[in-house]
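Participant: My file is model20.pdb. It has PDB, C-alpha atoms:
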ATOM      1  CA  MET A 920      -0.769  -5.364 -10.603
ATOM      2  CA  GLN A 921      -1.637  -8.993 -10.905
ATOM      3  CA  THR A 922      -2.209 -10.794  -7.643
ATOM      4  CA  THR A 923       0.724 -13.103  -7.014
ATOM      5  CA  THR A 924       1.123 -13.198  -3.229
ATOM      6  CA  ASP A 925      -0.547 -16.612  -2.866
ATOM      7  CA  SER A 926       2.064 -18.277  -5.090
ATOM      8  CA  TYR A 927       5.193 -17.678  -3.001
ATOM      9  CA  GLU A 928       6.506 -17.562   0.536
ATOM     10  CA  LEU A 929       8.324 -14.575   1.968
ATOM     11  CA  GLU A 930      10.212 -13.928   5.180
ATOM     12  CA  VAL A 931      12.848 -11.230   5.455
ATOM     13  CA  LYS A 932      15.068 -11.344   8.529
ATOM     14  CA  LEU A 933      17.230  -8.424   9.597
ATOM     15  CA  ASN A 934      19.675  -9.867  12.092
ATOM     16  CA  HIS A 935      21.675  -7.487  14.307
ATOM     17  CA  LEU A 936      22.419  -4.948  11.555
ATOM     18  CA  THR A 937      25.037  -2.368  12.509
ATOM     19  CA  LYS A 938      26.499   0.403  10.374
ATOM     20  CA  LYS A 939      29.178   2.947  11.267
ATOM     21  CA  PHE A 940      30.480   5.888   9.279
ATOM     22  CA  LYS A 941      33.896   6.465  10.845
ATOM     23  CA  GLU A 942      32.982   7.087  14.502
ATOM     24  CA  TYR A 943      29.278   7.796  13.842
ATOM     25  CA  LEU A 944      26.978   4.871  14.661
ATOM     26  CA  ALA A 945      24.092   5.212  12.183
ATOM     27  CA  VAL A 946      22.350   1.875  12.843
ATOM     28  CA  ASP A 947      22.886  -0.009  16.078
ATOM     29  CA  ASN A 948      22.233  -3.776  16.354
ATOM     30  CA  PHE A 949      18.892  -3.635  14.532
ATOM     31  CA  SER A 950      16.801  -6.819  14.215
ATOM     32  CA  LEU A 951      13.379  -7.313  12.630
ATOM     33  CA  THR A 952      11.415 -10.095  10.942
ATOM     34  CA  ILE A 953       9.241  -8.975   8.032
ATOM     35  CA  ASN A 954       6.371 -11.265   7.126
ATOM     36  CA  LYS A 955       4.587 -11.790   3.839
ATOM     37  CA  GLY A 956       1.772  -9.261   3.408
ATOM     38  CA  ASP A 957       3.158  -6.719   5.870
ATOM     39  CA  CYS A 958       3.043  -3.038   5.018
ATOM     40  CA  ILE A 959       5.505  -1.644   7.540
ATOM     41  CA  GLY A 960       5.948   2.016   8.303
ATOM     42  CA  LEU A 961       9.517   2.684   9.404
ATOM     43  CA  ILE A 962       9.062   5.861  11.398
ATOM     44  CA  GLY A 963      11.438   8.058  13.304
ATOM     45  CA  PRO A 964      12.733  11.612  13.515
ATOM     46  CA  ASN A 965      15.135  12.976  10.915
ATOM     47  CA  GLY A 966      18.571  11.446  11.416
ATOM     48  CA  ALA A 967      17.204   8.306  13.096
ATOM     49  CA  GLY A 968      18.958   6.011  10.603
ATOM     50  CA  LYS A 969      15.999   5.089   8.393
ATOM     51  CA  THR A 970      17.703   5.629   5.028
ATOM     52  CA  THR A 971      20.892   3.851   6.108
ATOM     53  CA  LEU A 972      18.865   0.867   7.314
ATOM     54  CA  LEU A 973      16.836   0.602   4.099
ATOM     55  CA  ARG A 974      19.958   0.857   1.948
ATOM     56  CA  MET A 975      21.404  -2.114   3.852
ATOM     57  CA  VAL A 976      18.161  -4.076   3.493
ATOM     58  CA  SER A 977      18.136  -3.430  -0.270
ATOM     59  CA  GLY A 978      21.723  -4.628  -0.603
ATOM     60  CA  ILE A 979      23.055  -1.260  -1.797
ATOM     61  CA  LEU A 980      25.031  -0.535   1.385
ATOM     62  CA  LYS A 981      27.218  -3.094   3.103
ATOM     63  CA  GLU A 982      26.672  -3.473   6.838
ATOM     64  CA  ASN A 983      29.585  -3.559   9.320
ATOM     65  CA  SER A 984      28.008  -6.523  11.050
ATOM     66  CA  GLY A 985      24.786  -8.511  10.934
ATOM     67  CA  GLU A 986      22.939  -9.942   7.958
ATOM     68  CA  VAL A 987      19.802  -9.653   5.821
ATOM     69  CA  LEU A 988      18.158 -12.933   4.835
ATOM     70  CA  LEU A 989      15.285 -13.498   2.429
ATOM     71  CA  ASN A 990      13.754 -16.931   2.959
ATOM     72  CA  GLY A 991      16.914 -18.007   4.739
ATOM     73  CA  GLU A 992      19.392 -16.905   2.054
ATOM     74  CA  SER A 993      21.555 -13.802   1.749
ATOM     75  CA  ILE A 994      19.739 -10.849   0.234
ATOM     76  CA  GLU A 995      22.757 -10.159  -2.006
ATOM     77  CA  LYS A 996      21.926 -13.229  -4.084
ATOM     78  CA  GLN A 997      18.254 -12.295  -4.424
ATOM     79  CA  ARG A 998      18.167  -8.638  -5.436
ATOM     80  CA  HIS A 999      15.894  -9.553  -8.344
ATOM     81  CA  LEU A1000      13.170 -10.179  -5.748
ATOM     82  CA  ILE A1001      13.459  -6.640  -4.344
ATOM     83  CA  GLY A1002      12.170  -3.321  -5.634
ATOM     84  CA  TYR A1003      13.794  -0.188  -4.223
ATOM     85  CA  LEU A1004      12.861   3.497  -4.451
ATOM     86  CA  PRO A1005      15.543   5.786  -2.999
ATOM     87  CA  GLN A1006      14.576   8.974  -1.211
ATOM     88  CA  TYR A1007      15.747  11.053  -4.167
ATOM     89  CA  PRO A1008      15.438   8.937  -7.335
ATOM     90  CA  ASN A1009      17.862   9.986 -10.068
ATOM     91  CA  PHE A1010      17.080   9.700 -13.752
ATOM     92  CA  TYR A1011      18.894  10.629 -16.930
ATOM     93  CA  ASP A1012      16.761  13.644 -17.740
ATOM     94  CA  TRP A1013      17.367  13.268 -21.478
ATOM     95  CA  MET A1014      15.558   9.911 -21.345
ATOM     96  CA  THR A1015      11.834   9.492 -21.826
ATOM     97  CA  ALA A1016       9.799   7.647 -19.200
ATOM     98  CA  GLU A1017       9.649   4.646 -21.496
ATOM     99  CA  GLU A1018      13.427   4.648 -21.972
ATOM    100  CA  VAL A1019      13.932   4.791 -18.194
ATOM    101  CA  LEU A1020      11.785   1.697 -17.751
ATOM    102  CA  VAL A1021      13.496  -0.167 -20.599
ATOM    103  CA  PHE A1022      16.904   0.648 -19.102
ATOM    104  CA  ASN A1023      15.921  -0.595 -15.628
ATOM    105  CA  SER A1024      14.230  -3.697 -17.028
ATOM    106  CA  GLN A1025      17.421  -4.659 -18.836
ATOM    107  CA  LEU A1026      19.376  -4.276 -15.590
ATOM    108  CA  PHE A1027      17.123  -6.979 -14.122
ATOM    109  CA  GLY A1028      17.779  -9.248 -17.113
ATOM    110  CA  MET A1029      14.239  -9.128 -18.461
ATOM    111  CA  SER A1030      13.706 -10.289 -22.041
ATOM    112  CA  ASN A1031      12.481  -7.914 -24.740
ATOM    113  CA  LYS A1032       9.179  -9.780 -24.777
ATOM    114  CA  GLU A1033       8.771  -9.306 -21.016
ATOM    115  CA  ILE A1034       9.742  -5.632 -21.256
ATOM    116  CA  ASN A1035       7.259  -4.880 -24.028
ATOM    117  CA  ARG A1036       4.477  -6.562 -22.067
ATOM    118  CA  ARG A1037       5.342  -5.145 -18.679
ATOM    119  CA  ILE A1038       5.921  -1.445 -19.495
ATOM    120  CA  PRO A1039       2.289  -0.698 -20.453
ATOM    121  CA  GLU A1040       1.172  -2.481 -17.269
ATOM    122  CA  VAL A1041       3.292  -0.382 -14.930
ATOM    123  CA  LEU A1042       2.546   2.859 -16.786
ATOM    124  CA  GLU A1043      -1.130   2.192 -16.178
ATOM    125  CA  LEU A1044      -0.445   1.231 -12.575
ATOM    126  CA  VAL A1045       1.325   4.518 -11.793
ATOM    127  CA  GLY A1046      -0.939   6.713 -13.905
ATOM    128  CA  LEU A1047       1.609   7.726 -16.540
ATOM    129  CA  VAL A1048      -0.115   6.367 -19.644
ATOM    130  CA  GLY A1049       0.251   9.049 -22.314
ATOM    131  CA  SER A1050       3.477  10.392 -20.783
ATOM    132  CA  GLU A1051       5.768   7.548 -21.817
ATOM    133  CA  LYS A1052       7.321   9.531 -24.687
ATOM    134  CA  ARG A1053       7.924  12.664 -22.594
ATOM    135  CA  LYS A1054      11.404  13.439 -21.343
ATOM    136  CA  VAL A1055      11.804  13.085 -17.586
ATOM    137  CA  THR A1056      13.212  16.595 -17.321
ATOM    138  CA  GLY A1057       9.680  17.950 -17.830
ATOM    139  CA  PHE A1058       8.072  15.795 -15.122
ATOM    140  CA  SER A1059       6.640  17.247 -11.920
ATOM    141  CA  GLY A1060       7.872  15.970  -8.547
ATOM    142  CA  GLY A1061       4.869  13.669  -8.234
ATOM    143  CA  MET A1062       5.347  12.269 -11.743
ATOM    144  CA  ARG A1063       9.039  11.599 -11.091
ATOM    145  CA  GLN A1064       8.178   9.786  -7.881
ATOM    146  CA  ARG A1065       5.552   7.677  -9.646
ATOM    147  CA  LEU A1066       8.073   6.862 -12.361
ATOM    148  CA  GLY A1067      10.494   5.856  -9.603
ATOM    149  CA  ILE A1068       7.909   3.465  -8.215
ATOM    150  CA  ALA A1069       7.299   2.110 -11.724
ATOM    151  CA  GLN A1070      10.981   1.250 -12.125
ATOM    152  CA  ALA A1071      10.968  -0.324  -8.652
ATOM    153  CA  VAL A1072       8.130  -2.739  -9.534
ATOM    154  CA  ILE A1073       8.773  -3.302 -13.264
ATOM    155  CA  HIS A1074      10.295  -6.744 -12.549
ATOM    156  CA  LYS A1075       7.448  -7.861 -10.242
ATOM    157  CA  PRO A1076       9.423  -7.962  -6.994
ATOM    158  CA  ARG A1077       8.083  -9.761  -3.945
ATOM    159  CA  PHE A1078       9.407  -7.151  -1.536
ATOM    160  CA  VAL A1079       9.292  -3.383  -2.155
ATOM    161  CA  ILE A1080      11.306  -0.791  -0.199
ATOM    162  CA  LEU A1081      10.280   2.873  -0.443
ATOM    163  CA  ASP A1082      12.470   5.484   1.249
ATOM    164  CA  GLU A1083      10.505   8.639   2.147
ATOM    165  CA  PRO A1084       8.294   8.318  -0.956
ATOM    166  CA  VAL A1085       6.106  11.358  -0.208
ATOM    167  CA  SER A1086       8.060  13.712   2.047
ATOM    168  CA  ALA A1087       9.211  16.075  -0.724
ATOM    169  CA  LEU A1088       5.892  16.242  -2.595
ATOM    170  CA  ASP A1089       3.096  18.784  -2.620
ATOM    171  CA  PRO A1090      -0.374  17.679  -1.371
ATOM    172  CA  ILE A1091      -1.499  16.485  -4.822
ATOM    173  CA  GLY A1092       1.695  14.509  -5.386
ATOM    174  CA  ARG A1093       1.471  12.998  -1.893
ATOM    175  CA  ARG A1094      -2.072  11.833  -2.509
ATOM    176  CA  GLU A1095      -1.111  10.271  -5.856
ATOM    177  CA  VAL A1096       1.739   8.292  -4.306
ATOM    178  CA  LEU A1097      -0.225   7.219  -1.211
ATOM    179  CA  ASP A1098      -3.025   5.926  -3.443
ATOM    180  CA  LEU A1099      -0.411   4.028  -5.445
ATOM    181  CA  ILE A1100       1.022   2.431  -2.309
ATOM    182  CA  GLU A1101      -2.492   1.206  -1.455
ATOM    183  CA  VAL A1102      -2.557  -0.699  -4.763
ATOM    184  CA  ILE A1103       0.992  -2.051  -4.523
ATOM    185  CA  LYS A1104       0.567  -3.427  -0.993
ATOM    186  CA  GLU A1105      -2.336  -5.637  -2.118
ATOM    187  CA  ASP A1106       0.138  -7.892  -3.928
ATOM    188  CA  THR A1107       3.515  -7.119  -2.399
ATOM    189  CA  THR A1108       5.195  -6.909   0.987
ATOM    190  CA  VAL A1109       6.133  -3.265   1.535
ATOM    191  CA  VAL A1110       8.392  -1.299   3.862
ATOM    192  CA  PHE A1111       8.431   2.457   3.588
ATOM    193  CA  SER A1112      10.081   5.079   5.725
ATOM    194  CA  THR A1113       8.529   8.385   6.661
ATOM    195  CA  HIS A1114       8.512  11.031   9.355
ATOM    196  CA  ILE A1115       4.936  12.013   8.411
ATOM    197  CA  LEU A1116       2.939   9.931  10.877
ATOM    198  CA  SER A1117      -0.462  10.517   9.281
ATOM    199  CA  ASP A1118       0.797   8.997   6.018
ATOM    200  CA  ALA A1119       2.105   5.933   7.828
ATOM    201  CA  GLN A1120      -1.109   5.504   9.815
ATOM    202  CA  GLU A1121      -3.159   5.679   6.620
ATOM    203  CA  SER A1122      -1.168   3.091   4.686
ATOM    204  CA  CYS A1123       0.489   0.658   7.120
ATOM    205  CA  ASN A1124      -0.706  -2.236   9.241
ATOM    206  CA  ARG A1125       2.573  -2.493  11.149
ATOM    207  CA  PHE A1126       5.103   0.014  12.461
ATOM    208  CA  CYS A1127       8.712   0.051  13.543
ATOM    209  CA  ILE A1128       9.969   3.072  15.482
ATOM    210  CA  LEU A1129      13.612   4.011  15.084
ATOM    211  CA  LYS A1130      15.572   6.522  17.169
ATOM    212  CA  ASP A1131      19.327   7.162  17.144
ATOM    213  CA  GLY A1132      19.817   4.055  15.015
ATOM    214  CA  LYS A1133      18.071   1.759  17.492
ATOM    215  CA  LYS A1134      14.740  -0.030  17.288
ATOM    216  CA  ILE A1135      12.490   1.442  19.973
ATOM    217  CA  ASP A1136       9.397  -0.631  19.240
ATOM    218  CA  ASP A1137       7.795  -2.856  16.611
ATOM    219  CA  PHE A1138       4.044  -3.498  16.602
ATOM    220  CA  TYR A1139       0.912  -4.093  14.584
ATOM    221  CA  TYR A1140      -1.427  -1.124  14.833
ATOM    222  CA  ALA A1141      -4.407  -3.348  15.637
ATOM    223  CA  ASP A1142      -2.522  -4.703  18.658
ATOM    224  CA  LEU A1143      -1.678  -1.167  19.805
ATOM    225  CA  GLN A1144      -5.348  -0.192  19.673
ATOM    226  CA  LYS A1145      -6.340  -3.273  21.692
ATOM    227  CA  LYS A1146      -3.632  -2.618  24.252
ATOM    228  CA  HIS A1147      -4.795   0.908  24.954
ATOM    229  CA  THR A1148      -8.336   0.923  26.234
ATOM    230  CA  LYS A1149     -10.952   3.413  25.123
ATOM    231  CA  ASN A1150     -11.271   4.613  28.739
ATOM    232  CA  SER A1151      -9.041   7.555  27.959
ATOM    233  CA  LEU A1152      -8.801  11.284  27.468
ATOM    234  CA  SER A1153      -6.627  13.308  25.070
ATOM    235  CA  ILE A1154      -6.230  17.011  25.863
ATOM    236  CA  GLU A1155      -4.628  19.403  23.392
ATOM    237  CA  LEU A1156      -3.085  22.301  25.312
ATOM    238  CA  LYS A1157      -2.524  25.930  24.366
ATOM    239  CA  LYS A1158       0.594  25.874  26.513
ATOM    240  CA  PRO A1159       2.274  23.345  28.843
ATOM    241  CA  ASN A1160       1.095  23.116  32.451
ATOM    242  CA  PRO A1161       3.657  21.026  34.385
ATOM    243  CA  ASN A1162       2.010  21.525  37.805
ATOM    244  CA  TRP A1163      -1.255  20.075  36.527
ATOM    245  CA  VAL A1164       0.548  17.130  34.928
ATOM    246  CA  SER A1165       2.314  16.419  38.236
ATOM    247  CA  TYR A1166      -1.073  16.406  39.962
ATOM    248  CA  LEU A1167      -2.451  13.932  37.410
ATOM    249  CA  LYS A1168       0.505  11.590  37.892
ATOM    250  CA  GLY A1169      -0.331  11.425  41.592
ATOM    251  CA  LEU A1170      -3.923  10.257  41.067
ATOM    252  CA  GLU A1171      -4.348   6.540  41.740
ATOM    253  CA  VAL A1172      -7.346   6.290  39.400
ATOM    254  CA  ILE A1173      -5.197   7.245  36.398
ATOM    255  CA  ASP A1174      -3.001   4.393  35.181
ATOM    256  CA  GLN A1175      -1.028   6.218  32.502
ATOM    257  CA  VAL A1176      -0.062   9.822  31.839
ATOM    258  CA  ILE A1177       1.717  10.648  28.573
ATOM    259  CA  ASP A1178       2.982  14.228  28.657
ATOM    260  CA  MET A1179       3.866  15.696  25.258
ATOM    261  CA  ASN A1180       4.099  19.326  26.445
ATOM    262  CA  HIS A1181       1.315  20.650  24.215
ATOM    263  CA  SER A1182      -0.908  17.610  24.616
ATOM    264  CA  VAL A1183      -1.582  15.098  27.366
ATOM    265  CA  TYR A1184      -2.945  11.558  27.044
ATOM    266  CA  LEU A1185      -4.602   9.941  30.079
ATOM    267  CA  GLU A1186      -5.764   6.375  30.524
ATOM    268  CA  SER A1187      -7.628   4.619  33.327
ATOM    269  CA  LEU A1188      -8.505   0.963  33.794
ATOM    270  CA  SER A1189     -11.320   1.933  36.157
ATOM    271  CA  GLU A1190     -14.842   1.177  34.963
ATOM    272  CA  ASP A1191     -16.058   4.156  36.985
ATOM    273  CA  GLN A1192     -16.239   7.125  34.617
ATOM    274  CA  SER A1193     -16.116   9.640  37.473
ATOM    275  CA  TRP A1194     -12.362  10.000  36.880
ATOM    276  CA  ASN A1195     -13.194  12.030  33.751
ATOM    277  CA  HIS A1196     -14.999  14.582  35.897
ATOM    278  CA  LEU A1197     -12.087  14.632  38.337
ATOM    279  CA  VAL A1198      -9.720  15.502  35.475
ATOM    280  CA  LEU A1199     -12.008  18.214  34.113
ATOM    281  CA  GLU A1200     -12.374  19.773  37.576
ATOM    282  CA  SER A1201      -8.593  19.756  37.982
ATOM    283  CA  MET A1202      -8.243  21.595  34.659
ATOM    284  CA  ASN A1203     -10.287  24.424  36.111
ATOM    285  CA  LYS A1204      -8.382  24.358  39.405
ATOM    286  CA  TYR A1205      -4.976  24.510  37.685
ATOM    287  CA  LYS A1206      -6.182  27.025  35.085
ATOM    288  CA  VAL A1207      -5.332  24.720  32.190
ATOM    289  CA  GLU A1208      -5.618  26.468  28.829
ATOM    290  CA  PHE A1209      -6.632  24.007  26.129
ATOM    291  CA  PHE A1210      -7.919  23.746  22.578
ATOM    292  CA  LYS A1211      -9.916  20.513  22.817
ATOM    293  CA  VAL A1212     -10.603  17.376  24.849
ATOM    294  CA  GLU A1213     -11.216  14.050  23.107
ATOM    295  CA  VAL A1214     -12.651  10.970  24.810
ATOM    296  CA  GLY A1215     -11.516   7.445  23.967
ATOM    297  CA  THR A1216      -8.844   8.181  21.347
ATOM    298  CA  PHE A1217      -5.247   7.034  21.073
ATOM    299  CA  SER A1218      -3.325   7.838  17.930
ATOM    300  CA  LEU A1219      -0.058   6.687  16.458
ATOM    301  CA  GLU A1220       1.261  10.200  17.090
ATOM    302  CA  ASP A1221       0.440   9.886  20.803
ATOM    303  CA  TYR A1222       2.400   6.655  21.034
ATOM    304  CA  PHE A1223       5.286   7.882  18.871
ATOM    305  CA  MET A1224       5.693  11.045  20.953
ATOM    306  CA  ALA A1225       5.553   9.042  24.156
ATOM    307  CA  LEU A1226       8.484   6.913  22.968
ATOM    308  CA  VAL A1227      10.516   9.474  21.066
ATOM    309  CA  GLY A1228       9.525  12.941  22.186
ATOM    310  CA  GLY A1229       7.644  12.714  25.472
ATOM    311  CA  THR A1230       7.562  10.945  28.780
ATOM    312  CA  VAL A1231       5.414   8.120  30.113
ATOM    313  CA  ALA A1232       4.482   8.075  33.776
TER
END
What does this structure look like when you write it as structure tokens?
Facilitator:
Amino acid sequence: MQTTTDSYELEVKLNHLTKKFKEYLAVDNFSLTINKGDCIGLIGPNGAGKTTLLRMVSGILKENSGEVLLNGESIEKQRHLIGYLPQYPNFYDWMTAEEVLVFNSQLFGMSNKEINRRIPEVLELVGLVGSEKRKVTGFSGGMRQRLGIAQAVIHKPRFVILDEPVSALDPIGRREVLDLIEVIKEDTTVVFSTHILSDAQESCNRFCILKDGKKIDDFYYADLQKKHTKNSLSIELKKPNPNWVSYLKGLEVIDQVIDMNHSVYLESLSEDQSWNHLVLESMNKYKVEFFKVEVGTFSLEDYFMALVGGTVA
């Protein structure tokens, strides 16, 4: 893709978005400001409301209340600036890849000259050169997903939305799409949803955690790493040991205990490293069965589980 990010401004504001399906509240008063150059991982458990939120942001689904603004104007008037990949992209299987891209280009009002110039560019971008005359019905899952991304960026959008782009793919397909996202985010502001935390951590510089339709947290990963000191221990357990965890929560030298049942994260602000030895001695005393102990690590999964699936002391 040609670098274009320096030539435009971008700010997307999600203001108090709410969506109900009959009595079911799918998205609840969600607000977020997306800045130019962000690659945001929208993460949350299945059923958190990620797809519903992204469909509202893309303008496909009408919210019950709230608004989506791009540079201060309604997103509905600026859909040509957005590229969208649904979780399950649908194609007319009798079409070739080239015909799919021509069809989508025409929907965006691109001229024949633009279409003829742009199609070879995006085919090269997504690694489908040589497959443009093949019918989509013969494409693998990874190829279909890459074609979906091609149709999402054919019109050079400023803002790209990808809904679970890798969750249904095999390891090879996942790697192909993740590598493609790395290229796209160099020139475009990206939001993609996933429940695979390792994929998000690899690709994104910013994260938004969603649970039960509500925003739980929004942060840049670099800030999260700075916030949590390296004076920490992560212990992966063979089985939970609640009595030991209760003991740890009572120690004044430990400032934070994150209990995730089969793993425990501990953090101390003390410069005295003797607290590590105290913890290790307590593991023997409480007969803690564990797989490994890591010093000075704090992962996105630790933080996610603390907010969504664990408890913080």
Participant: Name the residues, using the chain letters and numbers of the file, that sit within 9 Å of (7.5, 5.1, -11.3) when counting all atoms listed in the file, and give them as a ChimeraX atom specification.
Facilitator: /A:1004,1016,1020,1041-1042,1044-1047,1062-1073
Participant: Taking (17.0, -9.1, -1.6) in the file's coordinates as the center, which residues reach within 10 Å of it, counting all atoms listed in the file, put as a VMD selection string?
Facilitator: chain A and resid 931 975 to 979 987 to 990 992 to 1003 1076 to 1079
Participant: Evaluate the PyMOL selection byres ((chain A and resi 1034) around 9) against this structure - the residues, as a list in words, please.
Facilitator: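 Expected selection for the PyMOL selection byres ((chain A and resi 1034) around 9) here is Leu1020, Val1021, Ser1024, Gln1025, Met1029, Ser1030, Asn1031, Lys1032, Glu1033, Asn1035, Arg1036, Arg1037, Ile1038, Pro1039, Ile1073 and His1074 of chain A.
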Participant: List as a VMD selection string the protein and nucleic acid residues near segment 1187-1202 of chain A, meaning an atom at most 10 Å away when all atoms listed in the file are counted, but skip any in the same chain fewer than 5 places from it.
Facilitator: chain A and resid 1147 to 1152 1160 1163 to 1164 1166 to 1167 1170 to 1176 1207 to 1209 1212 1214
Participant: Would you export the selected residues with C-alpha atoms as a tab-separated table (two decimals), in the frame of the given file, please?
Facilitator:
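As written to disk, part04.tsv reads:
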chain	number	residue	atom	x	y	z
A	1147	HIS	CA	-4.80	0.91	24.95
A	1148	THR	CA	-8.34	0.92	26.23
A	1149	LYS	CA	-10.95	3.41	25.12
A	1150	ASN	CA	-11.27	4.61	28.74
A	1151	SER	CA	-9.04	7.56	27.96
A	1152	LEU	CA	-8.80	11.28	27.47
A	1160	ASN	CA	1.10	23.12	32.45
A	1163	TRP	CA	-1.25	20.08	36.53
A	1164	VAL	CA	0.55	17.13	34.93
A	1166	TYR	CA	-1.07	16.41	39.96
A	1167	LEU	CA	-2.45	13.93	37.41
A	1170	LEU	CA	-3.92	10.26	41.07
A	1171	GLU	CA	-4.35	6.54	41.74
A	1172	VAL	CA	-7.35	6.29	39.40
A	1173	ILE	CA	-5.20	7.24	36.40
A	1174	ASP	CA	-3.00	4.39	35.18
A	1175	GLN	CA	-1.03	6.22	32.50
A	1176	VAL	CA	-0.06	9.82	31.84
A	1207	VAL	CA	-5.33	24.72	32.19
A	1208	GLU	CA	-5.62	26.47	28.83
A	1209	PHE	CA	-6.63	24.01	26.13
A	1212	VAL	CA	-10.60	17.38	24.85
A	1214	VAL	CA	-12.65	10.97	24.81
Participant: Which residue gives the smallest distance to Ser950 of chain A among A:Lys1204, A:His935, A:Lys1054, A:Lys1104, with all atoms listed in the file counted?
Facilitator: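 Closest to Ser950 of chain A, using all atoms listed in the file: A:His935.
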Participant: Determine the residue membership of the PyMOL selection byres ((chain A and resi 985) around 6) for the file above and supply it as a VMD selection string.
Facilitator: chain A and resid 934 to 936 984 986
Participant: Would you mind exporting the chosen residues as a PDB file, keeping the file's coordinate frame, restricted to C-alpha atoms?
Facilitator:
ATOM      1  CA  ASN A 934      19.675  -9.867  12.092  1.00  0.00           C
ATOM      2  CA  HIS A 935      21.675  -7.487  14.307  1.00  0.00           C
ATOM      3  CA  LEU A 936      22.419  -4.948  11.555  1.00  0.00           C
ATOM      4  CA  SER A 984      28.008  -6.523  11.050  1.00  0.00           C
ATOM      5  CA  GLU A 986      22.939  -9.942   7.958  1.00  0.00           C
TER       6      GLU A 986
END
Participant: Nearest residue to Lys1130 of chain A out of A:Ala945, A:Ile959, A:Ile1103, A:Val1183, using only C-alpha atoms?
Facilitator: A:Ala945
Participant: Evaluate the PyMOL selection byres ((chain A and resi 1094) around 12) and record the selected residues as a ChimeraX atom specification, following the chain and residue labels used in the document.
Facilitator: /A:1061-1062,1064-1065,1084-1086,1088-1093,1095-1101,1117-1118,1121-1122
Participant: Extract segment 927-931 of chain A from the coordinates I pasted, and write it as a PDB file, in the first residue's frame (atoms kept: all heavy atoms).
Facilitator:
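Heads up, here's the output in decode_7.pdb:
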ATOM      1  N   TYR A 927      -3.640  13.300   5.623  1.00  0.00           N
ATOM      2  CA  TYR A 927      -4.999  13.518   6.105  1.00  0.00           C
ATOM      3  C   TYR A 927      -5.031  13.438   7.630  1.00  0.00           C
ATOM      4  O   TYR A 927      -4.128  12.925   8.266  1.00  0.00           O
ATOM      5  CB  TYR A 927      -5.963  12.480   5.509  1.00  0.00           C
ATOM      6  CG  TYR A 927      -5.726  11.055   5.968  1.00  0.00           C
ATOM      7  CD1 TYR A 927      -6.274  10.585   7.162  1.00  0.00           C
ATOM      8  CD2 TYR A 927      -4.962  10.182   5.197  1.00  0.00           C
ATOM      9  CE1 TYR A 927      -6.065   9.284   7.589  1.00  0.00           C
ATOM     10  CE2 TYR A 927      -4.747   8.877   5.619  1.00  0.00           C
ATOM     11  CZ  TYR A 927      -5.297   8.439   6.808  1.00  0.00           C
ATOM     12  OH  TYR A 927      -5.077   7.147   7.227  1.00  0.00           O
ATOM     13  N   GLU A 928      -6.107  13.992   8.181  1.00  0.00           N
ATOM     14  CA  GLU A 928      -6.349  13.899   9.609  1.00  0.00           C
ATOM     15  C   GLU A 928      -7.444  12.859   9.855  1.00  0.00           C
ATOM     16  O   GLU A 928      -8.315  12.650   9.013  1.00  0.00           O
ATOM     17  CB  GLU A 928      -6.761  15.256  10.172  1.00  0.00           C
ATOM     18  CG  GLU A 928      -5.677  16.316  10.095  1.00  0.00           C
ATOM     19  CD  GLU A 928      -4.411  15.925  10.848  1.00  0.00           C
ATOM     20  OE1 GLU A 928      -4.528  15.346  11.952  1.00  0.00           O
ATOM     21  OE2 GLU A 928      -3.314  16.181  10.332  1.00  0.00           O
ATOM     22  N   LEU A 929      -7.398  12.237  11.006  1.00  0.00           N
ATOM     23  CA  LEU A 929      -8.420  11.244  11.325  1.00  0.00           C
ATOM     24  C   LEU A 929      -8.678  11.212  12.821  1.00  0.00           C
ATOM     25  O   LEU A 929      -7.752  11.089  13.621  1.00  0.00           O
ATOM     26  CB  LEU A 929      -7.992   9.846  10.869  1.00  0.00           C
ATOM     27  CG  LEU A 929      -9.023   8.755  11.172  1.00  0.00           C
ATOM     28  CD1 LEU A 929     -10.135   8.789  10.134  1.00  0.00           C
ATOM     29  CD2 LEU A 929      -8.397   7.375  11.185  1.00  0.00           C
ATOM     30  N   GLU A 930      -9.938  11.333  13.181  1.00  0.00           N
ATOM     31  CA  GLU A 930     -10.384  11.109  14.553  1.00  0.00           C
ATOM     32  C   GLU A 930     -11.786  10.520  14.479  1.00  0.00           C
ATOM     33  O   GLU A 930     -12.693  11.109  13.885  1.00  0.00           O
ATOM     34  CB  GLU A 930     -10.412  12.406  15.356  1.00  0.00           C
ATOM     35  CG  GLU A 930     -10.834  12.188  16.815  1.00  0.00           C
ATOM     36  CD  GLU A 930     -10.966  13.480  17.581  1.00  0.00           C
ATOM     37  OE1 GLU A 930     -11.908  14.250  17.267  1.00  0.00           O
ATOM     38  OE2 GLU A 930     -10.141  13.735  18.469  1.00  0.00           O
ATOM     39  N   VAL A 931     -11.933   9.336  15.043  1.00  0.00           N
ATOM     40  CA  VAL A 931     -13.236   8.680  15.072  1.00  0.00           C
ATOM     41  C   VAL A 931     -13.726   8.682  16.516  1.00  0.00           C
ATOM     42  O   VAL A 931     -13.043   8.182  17.412  1.00  0.00           O
ATOM     43  CB  VAL A 931     -13.155   7.240  14.543  1.00  0.00           C
ATOM     44  CG1 VAL A 931     -14.538   6.589  14.576  1.00  0.00           C
ATOM     45  CG2 VAL A 931     -12.585   7.218  13.125  1.00  0.00           C
TER      46      VAL A 931
END
